[in-house]
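With mmCIF, C-alpha atoms inside, this is protein38.cif:
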data_entry
loop_
_atom_site.group_PDB
_atom_site.id
_atom_site.type_symbol
_atom_site.label_atom_id
_atom_site.label_comp_id
_atom_site.auth_asym_id
_atom_site.auth_seq_id
_atom_site.Cartn_x
_atom_site.Cartn_y
_atom_site.Cartn_z
ATOM 1 C CA LEU S 1 0.000 0.000 0.000
ATOM 2 C CA VAL S 2 1.107 3.527 -0.629
ATOM 3 C CA ARG S 3 -0.221 4.497 2.798
ATOM 4 C CA GLY S 4 -1.702 2.572 5.670
ATOM 5 C CA GLU S 5 -1.826 -1.100 6.485
ATOM 6 C CA GLY S 6 -3.756 -3.836 4.778
ATOM 7 C CA GLN S 7 -3.898 -7.229 3.164
ATOM 8 C CA PRO S 8 -2.054 -7.780 -0.142
ATOM 9 C CA THR S 9 -5.401 -8.535 -1.803
ATOM 10 C CA GLY S 10 -8.613 -6.656 -2.401
ATOM 11 C CA TRP S 11 -8.347 -2.874 -2.715
ATOM 12 C CA VAL S 12 -4.862 -1.409 -2.854
ATOM 13 C CA SER S 13 -3.716 2.148 -3.468
ATOM 14 C CA VAL S 14 -1.551 3.116 -6.419
ATOM 15 C CA ARG S 15 0.367 6.396 -6.685
ATOM 16 C CA LEU S 16 0.413 7.868 -10.198
ATOM 17 C CA GLN S 17 2.327 10.838 -11.545
ATOM 18 C CA ILE S 18 0.118 13.085 -13.679
ATOM 19 C CA LYS S 19 0.589 16.556 -15.184
ATOM 20 C CA SER S 20 -0.836 18.367 -12.164
ATOM 21 C CA GLY S 21 1.087 16.306 -9.594
ATOM 22 C CA GLU S 22 0.566 12.980 -7.883
ATOM 23 C CA LYS S 23 -2.738 11.147 -7.491
ATOM 24 C CA GLU S 24 -3.567 8.092 -5.464
ATOM 25 C CA LEU S 25 -6.121 5.673 -6.864
ATOM 26 C CA ALA S 26 -7.776 2.648 -5.303
ATOM 27 C CA VAL S 27 -7.420 -0.453 -7.465
ATOM 28 C CA ARG S 28 -9.185 -3.748 -6.875
ATOM 29 C CA VAL S 29 -6.797 -6.673 -7.265
ATOM 30 C CA ALA S 30 -7.627 -10.359 -7.220
ATOM 31 C CA PRO S 31 -5.173 -12.454 -5.138
ATOM 32 C CA SER S 32 -4.114 -14.540 -8.145
ATOM 33 C CA GLU S 33 -3.296 -11.430 -10.212
ATOM 34 C CA LEU S 34 -0.914 -9.684 -7.840
ATOM 35 C CA THR S 35 2.598 -9.543 -9.257
ATOM 36 C CA GLY S 36 5.554 -9.421 -6.919
ATOM 37 C CA GLY S 37 3.615 -8.703 -3.739
ATOM 38 C CA ILE S 38 2.543 -5.366 -2.350
ATOM 39 C CA GLY S 39 5.938 -3.717 -2.963
ATOM 40 C CA ALA S 40 5.592 -4.194 -6.719
ATOM 41 C CA ILE S 41 2.287 -2.332 -6.993
ATOM 42 C CA GLY S 42 2.533 0.259 -9.746
ATOM 43 C CA TRP S 43 1.139 0.716 -13.243
ATOM 44 C CA ARG S 44 1.395 -3.023 -13.847
ATOM 45 C CA VAL S 45 -0.859 -4.143 -11.035
ATOM 46 C CA CYS S 46 -2.195 -7.268 -12.726
ATOM 47 C CA ALA S 47 -0.147 -9.577 -14.892
ATOM 48 C CA GLY S 48 -1.355 -9.094 -18.463
ATOM 49 C CA ALA S 49 -4.705 -7.556 -17.507
ATOM 50 C CA PRO S 50 -5.760 -4.071 -18.558
ATOM 51 C CA LEU S 51 -6.709 -1.469 -15.976
ATOM 52 C CA ALA S 52 -10.454 -0.986 -15.482
ATOM 53 C CA VAL S 53 -11.662 2.399 -14.279
ATOM 54 C CA LEU S 54 -15.205 2.314 -12.919
ATOM 55 C CA GLY S 55 -17.632 5.190 -12.670
ATOM 56 C CA LEU S 56 -20.806 4.440 -10.725
ATOM 57 C CA MET S 57 -23.887 6.665 -10.629
ATOM 58 C CA ALA S 58 -27.111 6.416 -8.659
ATOM 59 C CA SER S 59 -29.992 8.545 -9.907
ATOM 60 C CA HIS S 60 -33.650 9.001 -9.041
ATOM 61 C CA ILE S 61 -35.253 11.293 -11.595
ATOM 62 C CA SER S 62 -38.142 13.245 -10.105
ATOM 63 C CA THR S 63 -38.148 16.396 -12.260
ATOM 64 C CA GLU S 64 -37.440 17.512 -15.830
ATOM 65 C CA ALA S 65 -34.433 19.463 -14.512
ATOM 66 C CA ARG S 66 -32.881 16.288 -13.080
ATOM 67 C CA LEU S 67 -33.547 14.540 -16.387
ATOM 68 C CA ARG S 68 -31.644 17.289 -18.258
ATOM 69 C CA ARG S 69 -28.747 17.018 -15.796
ATOM 70 C CA LEU S 70 -28.639 13.250 -16.331
ATOM 71 C CA GLU S 71 -28.564 13.798 -20.078
ATOM 72 C CA HIS S 72 -25.669 16.249 -19.638
ATOM 73 C CA VAL S 73 -23.759 13.741 -17.465
ATOM 74 C CA LEU S 74 -24.190 10.976 -20.034
ATOM 75 C CA LYS S 75 -22.964 13.262 -22.831
ATOM 76 C CA SER S 76 -19.957 14.170 -20.701
ATOM 77 C CA VAL S 77 -19.217 10.499 -20.051
ATOM 78 C CA ARG S 78 -19.436 9.799 -23.781
ATOM 79 C CA GLY S 79 -16.832 12.513 -24.321
ATOM 80 C CA GLN S 80 -14.204 10.833 -22.143
ATOM 81 C CA VAL S 81 -11.146 9.718 -24.086
ATOM 82 C CA LEU S 82 -8.496 7.215 -23.101
ATOM 83 C CA ARG S 83 -5.028 7.493 -24.527
ATOM 84 C CA PRO S 84 -4.795 5.411 -27.758
ATOM 85 C CA GLY S 85 -3.136 2.086 -27.050
ATOM 86 C CA GLU S 86 -3.613 2.443 -23.284
ATOM 87 C CA PRO S 87 -4.396 -1.020 -21.833
ATOM 88 C CA ALA S 88 -7.451 0.282 -19.973
ATOM 89 C CA TYR S 89 -11.233 0.290 -19.989
ATOM 90 C CA PHE S 90 -13.524 2.972 -18.614
ATOM 91 C CA VAL S 91 -16.827 1.490 -17.495
ATOM 92 C CA PHE S 92 -19.591 3.867 -16.451
ATOM 93 C CA ALA S 93 -22.560 2.155 -14.824
ATOM 94 C CA LEU S 94 -25.805 3.927 -14.041
ATOM 95 C CA SER S 95 -28.627 2.632 -11.855
ATOM 96 C CA TRP S 96 -31.703 4.792 -12.183
ATOM 97 C CA SER S 97 -35.348 5.115 -11.248
ATOM 98 C CA ALA S 98 -38.042 7.666 -12.077
ATOM 99 C CA ALA S 99 -40.845 9.185 -10.039
ATOM 100 C CA THR S 100 -43.589 8.838 -12.672
ATOM 101 C CA PRO S 101 -44.341 6.638 -15.671
ATOM 102 C CA GLU S 102 -43.951 9.679 -17.951
ATOM 103 C CA LEU S 103 -40.495 10.460 -16.584
ATOM 104 C CA ARG S 104 -39.585 6.765 -16.760
ATOM 105 C CA GLY S 105 -40.229 6.824 -20.500
ATOM 106 C CA GLN S 106 -38.207 9.999 -20.967
ATOM 107 C CA VAL S 107 -35.282 8.693 -18.904
ATOM 108 C CA ALA S 108 -35.343 5.399 -20.818
ATOM 109 C CA ALA S 109 -35.126 7.339 -24.094
ATOM 110 C CA VAL S 110 -32.137 9.403 -22.859
ATOM 111 C CA VAL S 111 -30.357 6.282 -21.594
ATOM 112 C CA ASP S 112 -31.138 4.353 -24.789
ATOM 113 C CA ARG S 113 -29.600 7.157 -26.892
ATOM 114 C CA ALA S 114 -26.456 7.087 -24.746
ATOM 115 C CA LEU S 115 -26.209 3.300 -25.001
ATOM 116 C CA ALA S 116 -26.857 3.332 -28.764
ATOM 117 C CA ALA S 117 -23.715 5.399 -29.331
ATOM 118 C CA ASP S 118 -21.762 2.115 -28.951
ATOM 119 C CA GLU S 119 -23.597 0.340 -31.756
ATOM 120 C CA GLY S 120 -22.077 0.033 -35.201
ATOM 121 C CA GLY S 121 -18.722 1.586 -34.315
ATOM 122 C CA PRO S 122 -15.320 0.106 -33.641
ATOM 123 C CA PRO S 123 -14.720 -1.517 -30.261
ATOM 124 C CA SER S 124 -14.292 1.159 -27.635
ATOM 125 C CA PRO S 125 -12.501 1.182 -24.277
ATOM 126 C CA LEU S 126 -15.514 3.179 -22.999
ATOM 127 C CA VAL S 127 -18.368 0.964 -21.836
ATOM 128 C CA LEU S 128 -21.667 2.442 -20.677
ATOM 129 C CA VAL S 129 -24.217 0.237 -18.919
ATOM 130 C CA ALA S 130 -27.484 1.083 -17.216
ATOM 131 C CA VAL S 131 -29.882 -0.652 -14.843
ATOM 132 C CA GLN S 132 -33.473 0.549 -14.578
ATOM 133 C CA GLN S 133 -35.097 0.159 -11.161
ATOM 134 C CA GLU S 134 -38.881 -0.104 -10.916
ATOM 135 C CA GLY S 135 -39.091 2.263 -7.971
ATOM 136 C CA PRO S 136 -36.992 4.482 -5.739
ATOM 137 C CA ARG S 137 -33.979 2.844 -4.149
ATOM 138 C CA SER S 138 -31.481 4.045 -1.594
ATOM 139 C CA GLN S 139 -28.261 5.442 -2.990
ATOM 140 C CA PHE S 140 -26.436 2.318 -1.788
ATOM 141 C CA GLN S 141 -28.940 -0.014 -3.473
ATOM 142 C CA HIS S 142 -28.484 1.903 -6.722
ATOM 143 C CA LEU S 143 -24.695 1.781 -6.396
ATOM 144 C CA ARG S 144 -24.734 -1.965 -5.691
ATOM 145 C CA ALA S 145 -26.840 -2.539 -8.814
ATOM 146 C CA ALA S 146 -24.522 -0.306 -10.857
ATOM 147 C CA LEU S 147 -21.444 -2.162 -9.587
ATOM 148 C CA GLY S 148 -23.016 -5.495 -10.500
ATOM 149 C CA ALA S 149 -23.744 -4.238 -14.023
ATOM 150 C CA ALA S 150 -20.185 -2.913 -14.387
ATOM 151 C CA GLU S 151 -18.657 -6.192 -13.230
ATOM 152 C CA GLU S 152 -20.897 -8.101 -15.651
ATOM 153 C CA ALA S 153 -19.857 -5.806 -18.518
ATOM 154 C CA LEU S 154 -16.160 -6.313 -17.702
ATOM 155 C CA ARG S 155 -16.348 -10.089 -17.342
ATOM 156 C CA PRO S 156 -15.877 -10.893 -21.073
ATOM 157 C CA THR S 157 -13.158 -8.258 -21.620
ATOM 158 C CA LEU S 158 -10.807 -9.022 -18.754
#
Could I get this file's structure written as structure tokens?
Amino acid sequence: LVRGEGQPTGWVSVRLQIKSGEKELAVRVAPSELTGGIGAIGWRVCAGAPLAVLGLMASHISTEARLRRLEHVLKSVRGQVLRPGEPAYFVFALSWSAATPELRGQVAAVVDRALAADEGGPPSPLVLVAVQQEGPRSQFQHLRAALGAAEEALRPTL
């Protein structure tokens, strides 16, 4: 670990040098994929496996304004670019619900448009997945559903 104490499996911290200084990221590592023990943690955390960056979002849409903000977020996510040739995936998983049937239809249309951007193009390191909930959920329930969808999306690629 970069800081603190912990097991050499599960979540570990990685220090990266970027243009604006140093950043520490949490990386989930399976026990069988650790190379060289905790002291060897660096860019090459997993032997032969690309890095997966996860973005999780929980959203309950109760107004048109929140719907527009969600649409803006999804457009922003679509605009994220990974360095060409970088052995990494960016998976953004959204779990959402809507207050009314009318809003549910509008949210579904916005999400469908965002998901459709993947169709027909070359394979992309950006993966967007969404889970529709039938009713309001707690933030943690939404995040758990989003994490499950992200892990499912990554399963065939890693």
*Explicit residue set for the PyMOL selection byres ((chain S and resi 88) around 9), as a list of chain:residue names*: S:Ala49, S:Pro50, S:Leu51, S:Ala52, S:Val53, S:Leu82, S:Arg83, S:Gly85, S:Glu86, S:Pro87, S:Tyr89, S:Phe90, S:Pro125
*Evaluate the PyMOL selection byres ((chain S and resi 61) around 10) on the structure here and hand back the selected residues as a PyMOL selection string.*
chain S and resi 58-60+62-70+96-100+103-104+106-107+136
*Non-local contacts of Ala153 of chain S (8 Å; all atoms listed in the file; under 2 positions in same chain excluded) as a VMD selection string*: chain S and resid 91 127 129 149 to 151 155 to 157
*At what distance in Å, to one decimal, does atom CA of Gln141 of chain S lie from atom CA of Gly55 of chain S?*
15.5 Å
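Using only C-alpha atoms, the smallest distance between any of S:Gln132, S:Ala145, S:Leu56, S:Ala93 and Ala109 of chain S comes from S:Gln132.
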*May I ask for the distance between atom CA of Glu71 of chain S and atom CA of Leu94 of chain S, given in Å to one decimal place?*
11.9 Å
*What is the distance between atom CA of Val73 of chain S and atom CA of Ser20 of chain S, in Å to one decimal?*
24.0 Å
Report as lines of an AutoDock Vina configuration file the centre and the edge lengths, in Å to one decimal, of the axis-aligned box holding every listed atom of segment 68-79 of chain S, padded by 5 Å on each side.
center_x = -24.2
center_y = 13.5
center_z = -20.1
size_x = 24.8
size_y = 17.5
size_z = 18.5
*Considering all atoms listed in the file, state which residue in the set S:Gly148, S:Glu102, S:Phe140, S:Phe92 is at the smallest distance from Leu115 of chain S.*
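Of S:Gly148, S:Glu102, S:Phe140, S:Phe92, the one nearest Leu115 of chain S is S:Phe92, counting all atoms listed in the file.
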*For each of S:Glu152, S:Pro101, S:Leu147, S:Val110, take the minimum atom-to-atom distance to Gly135 of chain S, counting only C-alpha atoms, then give the residue where this is smallest.*
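Of the candidates, the smallest distance to Gly135 of chain S is held by S:Pro101.
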*Residue among S:Lys75, S:Gln139, S:Glu134, S:Ser95 lying closest to Arg113 of chain S, counting all atoms listed in the file*: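 Ranked by minimum distance to Arg113 of chain S, first place goes to S:Lys75.
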Export N, CA, C and O atoms of segment 78-107 of chain S from the structure just given, as a tab-separated table (two decimals), in the first residue's frame?
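Final output, saved to out09.tsv:
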chain	number	residue	atom	x	y	z
S	78	ARG	N	-19.72	10.19	-22.40
S	78	ARG	CA	-19.44	9.80	-23.78
S	78	ARG	C	-18.22	10.53	-24.34
S	78	ARG	O	-17.54	10.04	-25.22
S	79	GLY	N	-17.95	11.71	-23.83
S	79	GLY	CA	-16.83	12.51	-24.32
S	79	GLY	C	-15.49	12.15	-23.72
S	79	GLY	O	-14.47	12.72	-24.11
S	80	GLN	N	-15.46	11.22	-22.77
S	80	GLN	CA	-14.20	10.83	-22.14
S	80	GLN	C	-13.35	10.06	-23.13
S	80	GLN	O	-13.85	9.22	-23.88
S	81	VAL	N	-12.07	10.34	-23.14
S	81	VAL	CA	-11.15	9.72	-24.09
S	81	VAL	C	-9.99	9.10	-23.31
S	81	VAL	O	-9.40	9.74	-22.45
S	82	LEU	N	-9.69	7.87	-23.64
S	82	LEU	CA	-8.50	7.22	-23.10
S	82	LEU	C	-7.38	7.35	-24.12
S	82	LEU	O	-7.63	7.42	-25.33
S	83	ARG	N	-6.18	7.40	-23.65
S	83	ARG	CA	-5.03	7.49	-24.53
S	83	ARG	C	-5.03	6.30	-25.49
S	83	ARG	O	-5.19	5.15	-25.06
S	84	PRO	N	-4.84	6.53	-26.81
S	84	PRO	CA	-4.79	5.41	-27.76
S	84	PRO	C	-3.72	4.40	-27.35
S	84	PRO	O	-2.61	4.78	-26.99
S	85	GLY	N	-4.07	3.15	-27.40
S	85	GLY	CA	-3.14	2.09	-27.05
S	85	GLY	C	-3.01	1.82	-25.56
S	85	GLY	O	-2.32	0.90	-25.16
S	86	GLU	N	-3.66	2.63	-24.74
S	86	GLU	CA	-3.61	2.44	-23.28
S	86	GLU	C	-4.34	1.15	-22.93
S	86	GLU	O	-5.48	0.95	-23.35
S	87	PRO	N	-3.72	0.24	-22.18
S	87	PRO	CA	-4.40	-1.02	-21.83
S	87	PRO	C	-5.40	-0.79	-20.70
S	87	PRO	O	-5.20	-1.21	-19.57
S	88	ALA	N	-6.49	-0.08	-21.02
S	88	ALA	CA	-7.45	0.28	-19.97
S	88	ALA	C	-8.86	0.33	-20.55
S	88	ALA	O	-9.06	0.52	-21.75
S	89	TYR	N	-9.81	0.14	-19.68
S	89	TYR	CA	-11.23	0.29	-19.99
S	89	TYR	C	-11.82	1.29	-19.01
S	89	TYR	O	-11.43	1.34	-17.86
S	90	PHE	N	-12.76	2.09	-19.48
S	90	PHE	CA	-13.52	2.97	-18.61
S	90	PHE	C	-14.96	2.49	-18.67
S	90	PHE	O	-15.59	2.53	-19.72
S	91	VAL	N	-15.45	1.99	-17.57
S	91	VAL	CA	-16.83	1.49	-17.50
S	91	VAL	C	-17.63	2.44	-16.62
S	91	VAL	O	-17.28	2.69	-15.47
S	92	PHE	N	-18.70	2.98	-17.19
S	92	PHE	CA	-19.59	3.87	-16.45
S	92	PHE	C	-20.92	3.14	-16.32
S	92	PHE	O	-21.55	2.79	-17.32
S	93	ALA	N	-21.32	2.89	-15.09
S	93	ALA	CA	-22.56	2.15	-14.82
S	93	ALA	C	-23.54	3.05	-14.08
S	93	ALA	O	-23.20	3.65	-13.06
S	94	LEU	N	-24.74	3.10	-14.60
S	94	LEU	CA	-25.81	3.93	-14.04
S	94	LEU	C	-26.93	3.03	-13.56
S	94	LEU	O	-27.38	2.14	-14.28
S	95	SER	N	-27.40	3.26	-12.35
S	95	SER	CA	-28.63	2.63	-11.85
S	95	SER	C	-29.60	3.77	-11.64
S	95	SER	O	-29.28	4.75	-10.96
S	96	TRP	N	-30.77	3.67	-12.25
S	96	TRP	CA	-31.70	4.79	-12.18
S	96	TRP	C	-33.14	4.34	-11.93
S	96	TRP	O	-33.51	3.20	-12.18
S	97	SER	N	-33.91	5.29	-11.42
S	97	SER	CA	-35.35	5.12	-11.25
S	97	SER	C	-36.00	6.45	-11.55
S	97	SER	O	-35.33	7.48	-11.62
S	98	ALA	N	-37.30	6.44	-11.75
S	98	ALA	CA	-38.04	7.67	-12.08
S	98	ALA	C	-39.31	7.73	-11.24
S	98	ALA	O	-39.89	6.71	-10.87
S	99	ALA	N	-39.71	8.96	-10.94
S	99	ALA	CA	-40.84	9.19	-10.04
S	99	ALA	C	-42.19	8.88	-10.68
S	99	ALA	O	-43.13	8.48	-9.98
S	100	THR	N	-42.30	9.04	-11.99
S	100	THR	CA	-43.59	8.84	-12.67
S	100	THR	C	-43.38	7.99	-13.92
S	100	THR	O	-42.28	7.93	-14.46
S	101	PRO	N	-44.46	7.39	-14.42
S	101	PRO	CA	-44.34	6.64	-15.67
S	101	PRO	C	-43.90	7.52	-16.85
S	101	PRO	O	-43.15	7.07	-17.71
S	102	GLU	N	-44.34	8.77	-16.87
S	102	GLU	CA	-43.95	9.68	-17.95
S	102	GLU	C	-42.45	9.94	-17.91
S	102	GLU	O	-41.76	9.88	-18.95
S	103	LEU	N	-41.94	10.25	-16.72
S	103	LEU	CA	-40.50	10.46	-16.58
S	103	LEU	C	-39.72	9.18	-16.88
S	103	LEU	O	-38.64	9.24	-17.48
S	104	ARG	N	-40.26	8.04	-16.49
S	104	ARG	CA	-39.59	6.77	-16.76
S	104	ARG	C	-39.37	6.60	-18.26
S	104	ARG	O	-38.28	6.21	-18.70
S	105	GLY	N	-40.37	6.93	-19.05
S	105	GLY	CA	-40.23	6.82	-20.50
S	105	GLY	C	-39.20	7.79	-21.05
S	105	GLY	O	-38.41	7.45	-21.94
S	106	GLN	N	-39.18	9.01	-20.51
S	106	GLN	CA	-38.21	10.00	-20.97
S	106	GLN	C	-36.78	9.62	-20.57
S	106	GLN	O	-35.85	9.76	-21.37
S	107	VAL	N	-36.61	9.13	-19.35
S	107	VAL	CA	-35.28	8.69	-18.90
S	107	VAL	C	-34.82	7.51	-19.76
S	107	VAL	O	-33.67	7.47	-20.21
